[in-house]
Structure formats: structure tokens, C-alpha cells
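run28.cif follows (mmCIF, C-alpha atoms, pLDDT in the B column; chains and numbers go by the auth columns):
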```
data_entry
#
loop_
_atom_site.group_PDB
_atom_site.id
_atom_site.type_symbol
_atom_site.label_atom_id
_atom_site.label_comp_id
_atom_site.label_asym_id
_atom_site.label_seq_id
_atom_site.Cartn_x
_atom_site.Cartn_y
_atom_site.Cartn_z
_atom_site.B_iso_or_equiv
_atom_site.auth_seq_id
_atom_site.auth_asym_id
ATOM 1 C CA MET A 1 30.196 75.996 -43.263 40.00 117 A
ATOM 2 C CA ARG A 2 31.676 73.742 -45.892 43.00 118 A
ATOM 3 C CA ASP A 3 33.338 70.371 -45.234 42.00 119 A
ATOM 4 C CA ALA A 4 36.762 71.969 -45.782 48.00 120 A
ATOM 5 C CA GLN A 5 36.205 74.086 -42.669 86.00 121 A
ATOM 6 C CA LEU A 6 35.815 71.027 -40.473 94.00 122 A
ATOM 7 C CA PRO A 7 38.915 69.697 -38.747 95.00 123 A
ATOM 8 C CA PRO A 8 40.492 66.639 -40.383 96.00 124 A
ATOM 9 C CA PRO A 9 38.700 63.378 -39.519 96.00 125 A
ATOM 10 C CA ALA A 10 41.259 62.168 -36.970 95.00 126 A
ATOM 11 C CA GLU A 11 41.125 65.501 -35.150 97.00 127 A
ATOM 12 C CA ARG A 12 37.320 65.285 -34.996 97.00 128 A
ATOM 13 C CA GLY A 13 37.635 62.050 -33.056 97.00 129 A
ATOM 14 C CA ARG A 14 40.356 63.461 -30.831 97.00 130 A
ATOM 15 C CA ILE A 15 38.209 66.476 -29.939 97.00 131 A
ATOM 16 C CA ARG A 16 35.293 64.207 -29.071 97.00 132 A
ATOM 17 C CA ARG A 17 37.418 61.823 -27.012 97.00 133 A
ATOM 18 C CA ASP A 18 39.200 64.680 -25.190 96.00 134 A
ATOM 19 C CA SER A 19 35.794 66.048 -24.193 96.00 135 A
ATOM 20 C CA ARG A 20 34.773 62.564 -23.029 96.00 136 A
ATOM 21 C CA ALA A 21 31.673 62.675 -25.225 96.00 137 A
ATOM 22 C CA ALA A 22 30.365 59.361 -26.519 97.00 138 A
ATOM 23 C CA LEU A 23 29.632 58.803 -30.193 97.00 139 A
ATOM 24 C CA ARG A 24 25.972 58.333 -29.293 97.00 140 A
ATOM 25 C CA ASP A 25 25.902 61.735 -27.538 96.00 141 A
ATOM 26 C CA ILE A 26 27.275 63.554 -30.572 97.00 142 A
ATOM 27 C CA ALA A 27 24.957 61.608 -32.854 98.00 143 A
ATOM 28 C CA ALA A 28 21.894 62.433 -30.744 98.00 144 A
ATOM 29 C CA GLU A 29 22.814 66.120 -30.717 96.00 145 A
ATOM 30 C CA LEU A 30 23.086 66.116 -34.530 97.00 146 A
ATOM 31 C CA GLY A 31 20.147 63.810 -35.254 97.00 147 A
ATOM 32 C CA VAL A 32 22.237 61.134 -36.951 98.00 148 A
ATOM 33 C CA SER A 33 23.382 57.643 -35.985 98.00 149 A
ATOM 34 C CA ALA A 34 26.507 56.907 -33.962 98.00 150 A
ATOM 35 C CA MET A 35 27.774 54.945 -36.974 98.00 151 A
ATOM 36 C CA THR A 36 27.488 58.085 -39.102 98.00 152 A
ATOM 37 C CA VAL A 37 29.615 60.088 -36.655 98.00 153 A
ATOM 38 C CA SER A 38 32.105 57.227 -36.533 98.00 154 A
ATOM 39 C CA ARG A 39 32.388 57.298 -40.334 98.00 155 A
ATOM 40 C CA TRP A 40 32.969 61.064 -40.241 98.00 156 A
ATOM 41 C CA GLU A 41 35.753 60.569 -37.688 98.00 157 A
ATOM 42 C CA ARG A 42 37.379 57.823 -39.759 97.00 158 A
ATOM 43 C CA GLY A 43 37.159 59.859 -42.975 97.00 159 A
ATOM 44 C CA GLU A 44 34.911 57.281 -44.648 98.00 160 A
ATOM 45 C CA SER A 45 32.276 59.920 -45.355 97.00 161 A
ATOM 46 C CA GLU A 46 31.696 63.629 -44.847 96.00 162 A
ATOM 47 C CA PRO A 47 28.668 65.330 -43.347 96.00 163 A
ATOM 48 C CA ARG A 48 26.282 67.019 -45.740 93.00 164 A
ATOM 49 C CA PHE A 49 26.007 70.779 -45.582 91.00 165 A
ATOM 50 C CA GLU A 50 23.229 70.947 -42.977 90.00 166 A
ATOM 51 C CA HIS A 51 25.060 68.545 -40.662 96.00 167 A
ATOM 52 C CA ALA A 52 28.509 69.958 -41.417 96.00 168 A
ATOM 53 C CA ALA A 53 27.590 73.369 -40.023 94.00 169 A
ATOM 54 C CA ARG A 54 26.094 71.967 -36.821 96.00 170 A
ATOM 55 C CA TYR A 55 28.895 69.421 -36.419 97.00 171 A
ATOM 56 C CA GLY A 56 31.525 72.123 -36.847 96.00 172 A
ATOM 57 C CA ARG A 57 29.896 74.332 -34.217 95.00 173 A
ATOM 58 C CA LEU A 58 29.599 71.381 -31.833 97.00 174 A
ATOM 59 C CA LEU A 59 33.270 70.484 -32.291 97.00 175 A
ATOM 60 C CA ASP A 60 34.219 74.120 -31.630 95.00 176 A
ATOM 61 C CA GLN A 61 32.172 74.095 -28.430 95.00 177 A
ATOM 62 C CA LEU A 62 33.712 70.818 -27.285 96.00 178 A
ATOM 63 C CA ARG A 63 37.217 72.081 -28.049 94.00 179 A
ATOM 64 C CA ALA A 64 36.592 75.324 -26.139 94.00 180 A
ATOM 65 C CA ALA A 65 35.107 73.490 -23.161 91.00 181 A
ATOM 66 C CA THR A 66 37.988 71.031 -23.051 89.00 182 A
ATOM 67 C CA SER A 67 40.570 73.826 -23.356 83.00 183 A
ATOM 68 C CA SER A 68 39.049 75.834 -20.531 73.00 184 A
ATOM 69 C CA ALA A 69 38.806 72.708 -18.352 66.00 185 A
ATOM 70 C CA GLN A 70 42.504 71.971 -18.929 60.00 186 A
ATOM 71 C CA VAL A 71 43.480 75.550 -18.045 51.00 187 A
ATOM 72 C CA SER A 72 41.585 75.444 -14.754 54.00 188 A
ATOM 73 C CA ALA A 73 42.929 72.001 -13.805 50.00 189 A
#
```
Just dump the structure as C-alpha cells.
Amino acid sequence: MRDAQLPPPAERGRIRRDSRAALRDIAAELGVSAMTVSRWERGESEPRFEHAARYGRLLDQLRAATSSAQVSA
């Protein structure tokens, strides 16, 4: 996965917030700092290839989980 396949920075943050995940939770899952995830969400930096792939998959999972939770609510 390349950076271009990630959602735009603002959408990354929206997906995380909609799933009620904390920055520290995402960071721990990816093995980076919460500040790093915050920078990715603000568009101040982009994840490197190895993190971009994992981050993209995690965002997809969060989006799917949030969508299914909204449908069943």
C-alpha cells in the first residue's frame, strides 16, 4: 500500500474518532507514538511504507466496524 491509498489526513482522524479509538490505541497497535499518529491525521507527515500498509488496514477495519455498528443501532 502506498501513501496515496490512505484516506486523506482529516478522514483518518474522523475514522479513528468515529470508532472511539484513542490516539494511543492506534499508536500502540502500529508500534509508533501517539504524536506520530496525530501528525499523520493532521497531514504534517505521512507514514512510511511499512506503517502505511498496516495503518491503512487498521483504518479499513475501524471503518467497517463503525459502519456495521451504525447499521445495527
(Q) Set the distance at 10 Å and use only C-alpha atoms: which residues neighbour Ser154 of chain A once local chain neighbours fewer than 4 positions away are removed? I'd like the list as a ChimeraX atom specification. (A) /A:125,128-129,139-140,142-143,149-150,158-161
Q: Considering all atoms listed in the file, state which residue in the set A:Ala169, A:Val153, A:Asp176, A:Ala126 is at the smallest distance from Ala138 of chain A.
A: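 Going through A:Ala169, A:Val153, A:Asp176, A:Ala126 one by one, the smallest distance to Ala138 of chain A is for A:Val153.
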Q: Skip Thr182 of chain A itself and residues of its chain fewer than 6 positions away, then list as a VMD selection string all residues within 10 Å of it, counting only C-alpha atoms.
A: chain A and resid 131 to 132 134 to 136 176
**Q.** Atom-to-atom span, atom CA of Arg179 of chain A and atom CA of Asp141 of chain A, Å
**A.**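 Result for atom CA of Arg179 of chain A versus atom CA of Asp141 of chain A: 15.3 Å, one decimal.
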**Q.** Distance in Å - atom CA of Pro163 of chain A versus atom CA of Leu175 of chain A
**A.**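 Interatomic distance, atom CA of Pro163 of chain A to atom CA of Leu175 of chain A: 13.0 Å.
One distance worth recording is that between atom CA of Thr152 of chain A and atom CA of Glu127 of chain A, which is 16.0 Å.
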Q: Identify the residues within 12 Å of coordinate (26.5, 70.4, -40.0) (same frame as the file), considering only C-alpha atoms, and give the answer as a ChimeraX atom specification.
A: /A:117-122,142-143,145-148,153,156,162-176
